>>> print(open('upload31.txt').read())   # compact mmCIF, C-alpha atoms and all ligand atoms
# COMPACT_ATOMS: atom_id res chain seq x y z
CA MET S 424 30.01 -4.29 20.80
CA LEU S 425 28.57 -5.58 17.53
CA LEU S 426 27.93 -2.15 16.01
CA LYS S 427 29.00 1.26 17.21
CA VAL S 428 28.16 4.44 15.33
CA SER S 429 30.26 7.25 16.73
CA ASP S 430 29.81 10.99 16.11
CA LEU S 431 28.77 10.34 12.51
CA THR S 432 28.36 13.38 10.29
CA LYS S 433 27.67 13.37 6.56
CA GLU S 434 27.72 16.55 4.54
CA TYR S 435 26.40 16.69 1.01
CA LYS S 436 26.85 19.51 -1.47
CA ARG S 437 24.00 20.68 -3.64
CA GLY S 438 23.87 23.80 -5.76
CA GLY S 439 27.25 24.88 -4.40
CA LYS S 440 25.98 24.74 -0.80
CA SER S 441 26.85 22.05 1.71
CA PHE S 442 24.44 20.75 4.32
CA ALA S 443 24.56 18.04 6.98
CA ALA S 444 22.35 15.03 6.12
CA LEU S 445 23.65 13.45 9.35
CA ASN S 446 24.71 15.48 12.32
CA ASN S 447 26.83 13.86 15.04
CA VAL S 448 24.85 10.61 15.18
CA ASN S 449 25.65 8.10 17.95
CA PHE S 450 24.14 4.71 18.74
CA THR S 451 25.12 1.11 19.37
CA ALA S 452 23.59 -2.28 18.60
CA LYS S 453 24.11 -5.62 20.27
CA THR S 454 23.32 -9.13 19.09
CA GLY S 455 19.60 -9.82 19.34
CA GLU S 456 18.46 -6.20 19.47
CA PHE S 457 15.64 -4.89 17.30
CA ILE S 458 16.22 -1.19 16.72
CA SER S 459 13.86 1.10 14.83
CA ILE S 460 14.87 4.47 13.45
CA VAL S 461 11.88 6.58 12.53
CA GLY S 462 12.13 9.74 10.46
CA CYS S 463 10.32 11.63 7.76
CA SER S 464 11.43 11.77 4.13
CA GLY S 465 14.82 13.43 3.77
CA SER S 466 15.76 13.05 7.44
CA GLY S 467 18.89 11.02 6.60
CA LYS S 468 17.74 7.41 7.14
CA SER S 469 19.12 5.91 3.91
CA THR S 470 22.31 7.93 4.27
CA LEU S 471 22.84 6.46 7.74
CA LEU S 472 22.27 2.85 6.64
CA SER S 473 24.46 3.18 3.57
CA ILE S 474 27.34 4.51 5.69
CA ILE S 475 26.94 1.64 8.19
CA ALA S 476 26.99 -0.76 5.22
CA GLY S 477 30.23 0.89 4.03
CA LEU S 478 28.66 2.03 0.77
CA GLN S 479 29.39 5.68 1.52
CA THR S 480 32.04 7.29 3.69
CA PRO S 481 31.12 9.78 6.41
CA THR S 482 32.45 13.33 6.47
CA ASP S 483 33.29 12.82 10.12
CA GLY S 484 32.93 10.12 12.76
CA GLU S 485 33.32 6.37 12.62
CA VAL S 486 31.42 3.10 12.22
CA PHE S 487 32.81 0.14 14.18
CA ILE S 488 31.71 -3.39 13.32
CA GLU S 489 32.81 -5.81 16.03
CA SER S 490 35.24 -3.07 17.15
CA GLN S 491 36.76 -2.80 13.64
CA PRO S 492 36.65 0.79 12.36
CA LEU S 493 35.55 0.94 8.72
CA SER S 494 37.69 3.97 7.92
CA GLY S 495 41.09 3.05 6.62
CA LEU S 496 39.90 -0.28 5.17
CA THR S 497 40.26 -0.93 1.46
CA ASP S 498 37.15 -1.34 -0.73
CA LYS S 499 37.86 -5.06 -0.85
CA GLU S 500 38.03 -5.33 2.95
CA ILE S 501 34.80 -3.35 3.35
CA SER S 502 33.08 -5.51 0.72
CA LEU S 503 34.11 -8.61 2.64
CA ILE S 504 32.67 -7.23 5.90
CA ARG S 505 29.48 -6.21 4.08
CA SER S 506 28.99 -9.58 2.46
CA THR S 507 29.82 -11.71 5.48
CA LYS S 508 28.52 -9.70 8.44
CA ILE S 509 25.78 -7.47 7.05
CA GLY S 510 22.47 -8.21 5.38
CA TYR S 511 21.47 -4.99 3.63
CA ILE S 512 17.91 -4.49 2.45
CA PRO S 513 17.97 -1.39 0.24
CA GLN S 514 15.04 0.98 -0.13
CA GLY S 515 12.70 0.08 -2.98
CA GLN S 516 12.89 -2.77 -5.46
CA SER S 517 16.29 -4.46 -5.58
CA LEU S 518 15.77 -7.96 -6.99
CA LEU S 519 17.42 -8.67 -10.33
CA SER S 520 14.53 -9.12 -12.75
CA ASN S 521 16.28 -11.62 -15.03
CA LEU S 522 16.96 -14.07 -12.18
CA THR S 523 14.40 -16.30 -10.44
CA VAL S 524 13.62 -15.82 -6.76
CA ILE S 525 15.96 -18.63 -5.73
CA ASP S 526 18.83 -17.35 -7.90
CA ASN S 527 18.39 -13.84 -6.47
CA VAL S 528 18.56 -15.31 -2.97
CA CYS S 529 21.69 -17.36 -3.80
CA LEU S 530 23.59 -14.43 -5.32
CA PRO S 531 25.35 -12.96 -2.22
CA TYR S 532 26.42 -16.47 -1.19
CA VAL S 533 27.90 -17.33 -4.56
CA PHE S 534 30.17 -14.27 -4.34
CA THR S 535 31.69 -15.35 -1.04
CA HIS S 536 31.53 -19.14 -0.78
CA ASN S 537 31.78 -22.38 -2.63
CA ALA S 538 28.27 -22.48 -4.09
CA ASP S 539 27.61 -26.23 -3.95
CA ASP S 540 25.35 -26.26 -0.91
CA VAL S 541 23.63 -22.93 -1.45
CA LYS S 542 20.43 -24.00 -3.23
CA LYS S 543 19.27 -26.09 -0.28
CA ARG S 544 19.95 -23.25 2.14
CA ALA S 545 18.23 -20.70 -0.14
CA SER S 546 15.29 -23.01 -0.56
CA ASP S 547 14.94 -23.43 3.23
CA LEU S 548 15.01 -19.67 3.74
CA ILE S 549 12.45 -19.10 0.99
CA MET S 550 10.17 -21.68 2.66
CA GLN S 551 10.63 -20.06 6.08
CA LEU S 552 9.58 -16.74 4.58
CA GLY S 553 6.39 -18.29 3.26
CA ILE S 554 7.06 -18.05 -0.49
CA GLY S 555 8.24 -21.61 -1.13
CA GLU S 556 5.95 -22.10 -4.11
CA LEU S 557 7.43 -19.02 -5.82
CA SER S 558 11.05 -20.14 -5.74
CA ASN S 559 11.38 -20.56 -9.49
CA CYS S 560 9.31 -17.51 -10.47
CA TYR S 561 10.75 -14.24 -11.74
CA PRO S 562 10.33 -11.13 -9.56
CA ASN S 563 7.93 -9.36 -11.94
CA SER S 564 5.33 -12.09 -11.35
CA LEU S 565 5.40 -11.53 -7.55
CA SER S 566 3.42 -9.10 -5.42
CA GLY S 567 5.20 -6.34 -3.46
CA GLY S 568 4.94 -8.34 -0.22
CA GLU S 569 6.29 -11.50 -1.86
CA ARG S 570 9.23 -9.58 -3.36
CA ARG S 571 9.95 -8.13 0.06
CA ARG S 572 10.16 -11.61 1.53
CA ALA S 573 12.53 -12.65 -1.26
CA VAL S 574 14.78 -9.66 -0.48
CA ILE S 575 14.76 -10.60 3.21
CA ALA S 576 15.76 -14.18 2.29
CA ARG S 577 18.57 -12.77 0.14
CA ALA S 578 19.75 -10.61 3.07
CA LEU S 579 19.83 -13.70 5.33
CA ILE S 580 21.66 -16.08 3.00
CA ASN S 581 25.11 -15.36 4.46
CA SER S 582 23.87 -15.56 8.09
CA PRO S 583 24.67 -11.91 8.83
CA LYS S 584 25.22 -10.56 12.32
CA ILE S 585 23.53 -7.28 11.42
CA ILE S 586 20.46 -6.68 9.25
CA LEU S 587 20.04 -3.15 7.87
CA ALA S 588 16.53 -2.72 6.50
CA ASP S 589 15.65 0.50 4.67
CA GLU S 590 11.87 1.07 4.80
CA PRO S 591 11.15 -2.62 4.19
CA THR S 592 7.40 -2.19 4.65
CA SER S 593 6.83 1.09 2.80
CA ASP S 594 4.90 -0.51 -0.08
CA LEU S 595 2.96 -3.07 1.97
CA ASP S 596 -0.54 -3.18 3.43
CA ARG S 597 -1.12 -3.52 7.17
CA LYS S 598 -1.29 -7.31 7.16
CA ASN S 599 1.96 -7.73 5.19
CA THR S 600 3.64 -4.98 7.21
CA LYS S 601 2.84 -6.84 10.42
CA GLU S 602 4.05 -10.14 8.96
CA VAL S 603 7.33 -8.65 7.70
CA ILE S 604 7.99 -6.90 11.03
CA GLU S 605 7.31 -10.19 12.82
CA ILE S 606 9.85 -11.89 10.54
CA PHE S 607 12.45 -9.26 11.55
CA LYS S 608 11.56 -9.74 15.21
CA LYS S 609 12.11 -13.49 14.85
CA ILE S 610 15.45 -12.89 13.10
CA ALA S 611 16.52 -10.62 15.99
CA VAL S 612 15.45 -13.13 18.64
CA GLN S 613 17.48 -15.81 16.83
CA GLY S 614 20.61 -13.68 17.40
CA THR S 615 20.99 -11.00 14.74
CA ALA S 616 20.88 -7.25 15.38
CA VAL S 617 18.11 -5.75 13.25
CA ILE S 618 18.22 -2.05 12.42
CA MET S 619 15.15 -0.96 10.57
CA VAL S 620 14.46 2.53 9.30
CA THR S 621 10.92 3.61 8.58
CA HIS S 622 8.90 6.77 8.15
CA GLU S 623 5.96 5.30 10.06
CA ASN S 624 5.93 4.50 13.71
CA ASP S 625 4.53 1.01 13.25
CA THR S 626 7.41 -0.92 14.82
CA GLN S 627 7.51 0.53 18.32
CA SER S 628 5.81 -2.41 20.04
CA TYR S 629 8.32 -4.83 18.50
CA SER S 630 11.44 -2.75 19.14
CA ASP S 631 13.92 -2.87 21.97
CA PHE S 632 14.94 0.68 21.08
CA VAL S 633 13.30 3.37 18.98
CA TYR S 634 15.15 6.43 17.74
CA GLU S 635 13.89 9.40 15.82
CA LEU S 636 16.00 10.94 13.07
CA SER S 637 15.08 14.53 12.35
CA GLU S 638 17.09 16.64 9.90
CA GLY S 639 20.09 14.41 10.51
CA THR S 640 19.91 14.46 14.32
CA LEU S 641 19.21 11.21 16.19
CA ARG S 642 17.27 11.15 19.44
CA GLU S 643 16.10 8.20 21.49
CA VAL S 644 12.35 8.00 21.98
CA PHE S 645 12.06 4.55 23.54
CA GLY S 646 14.62 2.48 25.45
CA ASN S 647 17.46 3.68 27.61
CA LYS S 648 20.62 3.86 25.56
CA LEU S 649 21.36 7.50 24.91
CA LYS S 650 21.88 9.92 27.72
CA LEU S 651 20.58 13.14 26.19
N1 LIG A 701 24.09 12.05 -3.07
C1 LIG A 701 23.46 13.09 -2.55
N2 LIG A 701 23.85 14.36 -2.83
C2 LIG A 701 23.25 15.43 -2.26
N3 LIG A 701 22.24 15.32 -1.38
C3 LIG A 701 21.80 14.09 -1.08
C4 LIG A 701 22.37 12.91 -1.63
N4 LIG A 701 21.74 11.82 -1.13
C5 LIG A 701 20.79 12.30 -0.31
N5 LIG A 701 20.81 13.66 -0.27
C6 LIG A 701 19.98 14.53 0.58
O1 LIG A 701 20.27 14.21 1.93
C7 LIG A 701 19.09 14.22 2.72
C8 LIG A 701 18.89 12.85 3.35
O2 LIG A 701 18.64 11.92 2.29
P1 LIG A 701 18.26 10.40 2.64
O3 LIG A 701 18.09 9.69 1.35
O4 LIG A 701 19.24 9.87 3.61
O5 LIG A 701 16.84 10.59 3.35
P2 LIG A 701 15.76 9.52 3.82
O6 LIG A 701 15.45 9.80 5.26
O7 LIG A 701 16.24 8.16 3.48
O8 LIG A 701 14.50 9.90 2.93
P3 LIG A 701 13.32 8.96 2.33
O9 LIG A 701 12.40 8.64 3.50
O10 LIG A 701 12.65 9.83 1.32
O11 LIG A 701 13.95 7.74 1.74
C9 LIG A 701 17.97 14.65 1.78
O12 LIG A 701 17.80 16.05 1.91
C10 LIG A 701 18.49 14.30 0.39
O13 LIG A 701 17.94 15.15 -0.60
MG MG A 702 15.51 6.68 2.27
>>> encode(input="upload31.txt", output="structure tokens")
Amino acid sequence: MLLKVSDLTKEYKRGGKSFAALNNVNFTAKTGEFISIVGCSGSGKSTLLSIIAGLQTPTDGEVFIESQPLSGLTDKEISLIRSTKIGYIPQGQSLLSNLTVIDNVCLPYVFTHNADDVKKRASDLIMQLGIGELSNCYPNSLSGGERRRAVIARALINSPKIILADEPTSDLDRKNTKEVIEIFKKIAVQGTAVIMVTHENDTQSYSDFVYELSEGTLREVFGNKLKL
């Protein structure tokens, strides 16, 4: 199994009280699957993705990536898994403003590989995402939709097996939303598992599986994975 999330619970403390942002969450993802997780603000979507990406540790439960449990790994080992197997698209703006589009896209590759051949690969990805003419521009001269495409190119630079996309269409109009979702669908069909969280149910027709996250509890609304 490419990704297995097993009995995941995350408790946060606020004002001296603890509460569960995630409550016994279970799901799996295989190569080529497009999975949507829909939930309203505060339901735990970003918490879930950041734990899968190894950026936070759960209070209980386990994340397995290609059967490798993340718990017990060192920060360095988790960073290596994140940079080689996962393309993480964080919520909101995440491009570095002092780097051009192409240098932003190259960045994850430069950390993990010999960088000689990266510009060609980055340039190809930028073209495929339809922003070829913006390669040498800085992010603040791009529209929201164009920045989104640049972030997707950056997430793809290391050929990840899993894409984690945190509300990648939240600041886009309908046309750009459709185009970005279609890009994710294409990425999934080409052999990557795409896990996309969103607060709008605009991805159902593209998804192999749709889950709803409500106050930290995950429930399947479309597909046939969970036996509830
Ligand atoms: N570091 C933290 N400490 C305490 N509480 C937190 C922390 N991070 C998130 N929370 C709380 O946990 C809950 C889930 O937060 P999370 O960011 O995962 O929600 P979300 O579904 O991504 O929301 P949104 O759609 O607004 O991005 C919220 O109630 C939030 O206030
Ligand atoms: Mg969020």
>>> closest_atom_pairs(input="upload31.txt", of="chain S", to="ligand MG 702 (chain A)", cutoff="12 Å", atoms="all atoms listed in the file", output="JSON lines")
{"residue": "S:Ala444", "atom": "CA", "partner": "A:MG702", "partner_atom": "MG", "distance": 11.5}
{"residue": "S:Ile460", "atom": "CA", "partner": "A:MG702", "partner_atom": "MG", "distance": 11.4}
{"residue": "S:Val461", "atom": "CA", "partner": "A:MG702", "partner_atom": "MG", "distance": 10.9}
{"residue": "S:Gly462", "atom": "CA", "partner": "A:MG702", "partner_atom": "MG", "distance": 9.4}
{"residue": "S:Cys463", "atom": "CA", "partner": "A:MG702", "partner_atom": "MG", "distance": 9.0}
{"residue": "S:Ser464", "atom": "CA", "partner": "A:MG702", "partner_atom": "MG", "distance": 6.8}
{"residue": "S:Gly465", "atom": "CA", "partner": "A:MG702", "partner_atom": "MG", "distance": 6.9}
{"residue": "S:Ser466", "atom": "CA", "partner": "A:MG702", "partner_atom": "MG", "distance": 8.2}
{"residue": "S:Gly467", "atom": "CA", "partner": "A:MG702", "partner_atom": "MG", "distance": 7.0}
{"residue": "S:Lys468", "atom": "CA", "partner": "A:MG702", "partner_atom": "MG", "distance": 5.4}
{"residue": "S:Ser469", "atom": "CA", "partner": "A:MG702", "partner_atom": "MG", "distance": 4.0}
{"residue": "S:Thr470", "atom": "CA", "partner": "A:MG702", "partner_atom": "MG", "distance": 7.2}
{"residue": "S:Leu471", "atom": "CA", "partner": "A:MG702", "partner_atom": "MG", "distance": 9.1}
{"residue": "S:Leu472", "atom": "CA", "partner": "A:MG702", "partner_atom": "MG", "distance": 8.9}
{"residue": "S:Ser473", "atom": "CA", "partner": "A:MG702", "partner_atom": "MG", "distance": 9.7}
{"residue": "S:Ile512", "atom": "CA", "partner": "A:MG702", "partner_atom": "MG", "distance": 11.4}
{"residue": "S:Pro513", "atom": "CA", "partner": "A:MG702", "partner_atom": "MG", "distance": 8.7}
{"residue": "S:Gln514", "atom": "CA", "partner": "A:MG702", "partner_atom": "MG", "distance": 6.2}
{"residue": "S:Gly515", "atom": "CA", "partner": "A:MG702", "partner_atom": "MG", "distance": 8.9}
{"residue": "S:Ala588", "atom": "CA", "partner": "A:MG702", "partner_atom": "MG", "distance": 10.4}
{"residue": "S:Asp589", "atom": "CA", "partner": "A:MG702", "partner_atom": "MG", "distance": 6.6}
{"residue": "S:Glu590", "atom": "CA", "partner": "A:MG702", "partner_atom": "MG", "distance": 7.2}
{"residue": "S:Pro591", "atom": "CA", "partner": "A:MG702", "partner_atom": "MG", "distance": 10.4}
{"residue": "S:Ser593", "atom": "CA", "partner": "A:MG702", "partner_atom": "MG", "distance": 10.3}
{"residue": "S:Met619", "atom": "CA", "partner": "A:MG702", "partner_atom": "MG", "distance": 11.3}
{"residue": "S:Val620", "atom": "CA", "partner": "A:MG702", "partner_atom": "MG", "distance": 8.2}
{"residue": "S:Thr621", "atom": "CA", "partner": "A:MG702", "partner_atom": "MG", "distance": 8.4}
{"residue": "S:His622", "atom": "CA", "partner": "A:MG702", "partner_atom": "MG", "distance": 8.8}
{"residue": "S:Leu636", "atom": "CA", "partner": "A:MG702", "partner_atom": "MG", "distance": 11.6}
>>> write_last_selection(input="upload31.txt", atoms="C-alpha atoms", output="compact mmCIF listing (two decimals), in the coordinates of the input")
# COMPACT_ATOMS: atom_id res chain seq x y z
CA ALA S 444 22.35 15.03 6.12
CA ILE S 460 14.87 4.47 13.45
CA VAL S 461 11.88 6.58 12.53
CA GLY S 462 12.13 9.74 10.46
CA CYS S 463 10.32 11.63 7.76
CA SER S 464 11.43 11.77 4.13
CA GLY S 465 14.82 13.43 3.77
CA SER S 466 15.76 13.05 7.44
CA GLY S 467 18.89 11.02 6.60
CA LYS S 468 17.74 7.41 7.14
CA SER S 469 19.12 5.91 3.91
CA THR S 470 22.31 7.93 4.27
CA LEU S 471 22.84 6.46 7.74
CA LEU S 472 22.27 2.85 6.64
CA SER S 473 24.46 3.18 3.57
CA ILE S 512 17.91 -4.49 2.45
CA PRO S 513 17.97 -1.39 0.24
CA GLN S 514 15.04 0.98 -0.13
CA GLY S 515 12.70 0.08 -2.98
CA ALA S 588 16.53 -2.72 6.50
CA ASP S 589 15.65 0.50 4.67
CA GLU S 590 11.87 1.07 4.80
CA PRO S 591 11.15 -2.62 4.19
CA SER S 593 6.83 1.09 2.80
CA MET S 619 15.15 -0.96 10.57
CA VAL S 620 14.46 2.53 9.30
CA THR S 621 10.92 3.61 8.58
CA HIS S 622 8.90 6.77 8.15
CA LEU S 636 16.00 10.94 13.07
>>> closest_residue(input="upload31.txt", among="S:Asn563, S:Asn446, S:Asn537, S:Ser502", to="S:Leu518", atoms="all atoms listed in the file")
S:Asn563
>>> closest_residue(input="upload31.txt", among="S:Ile604, S:Ile549, S:Leu530, S:Leu522", to="S:Ser564", atoms="only C-alpha atoms")
S:Leu522
>>> residues_around(input="upload31.txt", residues="S:Lys542", least_positions_apart="2", cutoff="10 Å", atoms="only C-alpha atoms", output="PyMOL selection string")
chain S and resi 525-526+528-529+532+538-540+544-548
>>> write_last_selection(input="upload31.txt", atoms="C-alpha atoms", output="PDB file, keeping the file's coordinate frame")
ATOM      1  CA  ILE S 525      15.960 -18.630  -5.730  1.00  0.00           C
ATOM      2  CA  ASP S 526      18.830 -17.350  -7.900  1.00  0.00           C
ATOM      3  CA  VAL S 528      18.560 -15.310  -2.970  1.00  0.00           C
ATOM      4  CA  CYS S 529      21.690 -17.360  -3.800  1.00  0.00           C
ATOM      5  CA  TYR S 532      26.420 -16.470  -1.190  1.00  0.00           C
ATOM      6  CA  ALA S 538      28.270 -22.480  -4.090  1.00  0.00           C
ATOM      7  CA  ASP S 539      27.610 -26.230  -3.950  1.00  0.00           C
ATOM      8  CA  ASP S 540      25.350 -26.260  -0.910  1.00  0.00           C
ATOM      9  CA  ARG S 544      19.950 -23.250   2.140  1.00  0.00           C
ATOM     10  CA  ALA S 545      18.230 -20.700  -0.140  1.00  0.00           C
ATOM     11  CA  SER S 546      15.290 -23.010  -0.560  1.00  0.00           C
ATOM     12  CA  ASP S 547      14.940 -23.430   3.230  1.00  0.00           C
ATOM     13  CA  LEU S 548      15.010 -19.670   3.740  1.00  0.00           C
TER      14      LEU S 548
END
>>> atom_distance(input="upload31.txt", atom1="atom CA of S:Gln551", atom2="atom CA of S:Ala576")
8.7 Å
>>> closest_residue(input="upload31.txt", among="S:Ser490, S:Gln479, S:Ser429, S:Ser459", to="ligand LIG 701 (chain A)", atoms="only C-alpha atoms and all ligand atoms")
S:Gln479
>>> atom_distance(input="upload31.txt", atom1="atom N5 of ligand LIG 701 (chain A)", atom2="atom CA of S:Ile586")
22.5 Å
>>> closest_residue(input="upload31.txt", among="S:Pro481, S:Lys609, S:Ile618, S:Gly639", to="ligand LIG 701 (chain A)", atoms="all atoms listed in the file")
S:Gly639
>>> closest_residue(input="upload31.txt", among="S:Thr432, S:Thr523, S:Thr451, S:Ser441", to="ligand LIG 701 (chain A)", atoms="only C-alpha atoms and all ligand atoms")
S:Ser441
>>> closest_residue(input="upload31.txt", among="S:Glu623, S:Gln491, S:Thr615, S:Phe645", to="ligand LIG 701 (chain A)", atoms="all atoms listed in the file")
S:Glu623
>>> atom_distance(input="upload31.txt", atom1="atom N1 of ligand LIG 701 (chain A)", atom2="atom CA of S:Tyr435")
6.6 Å
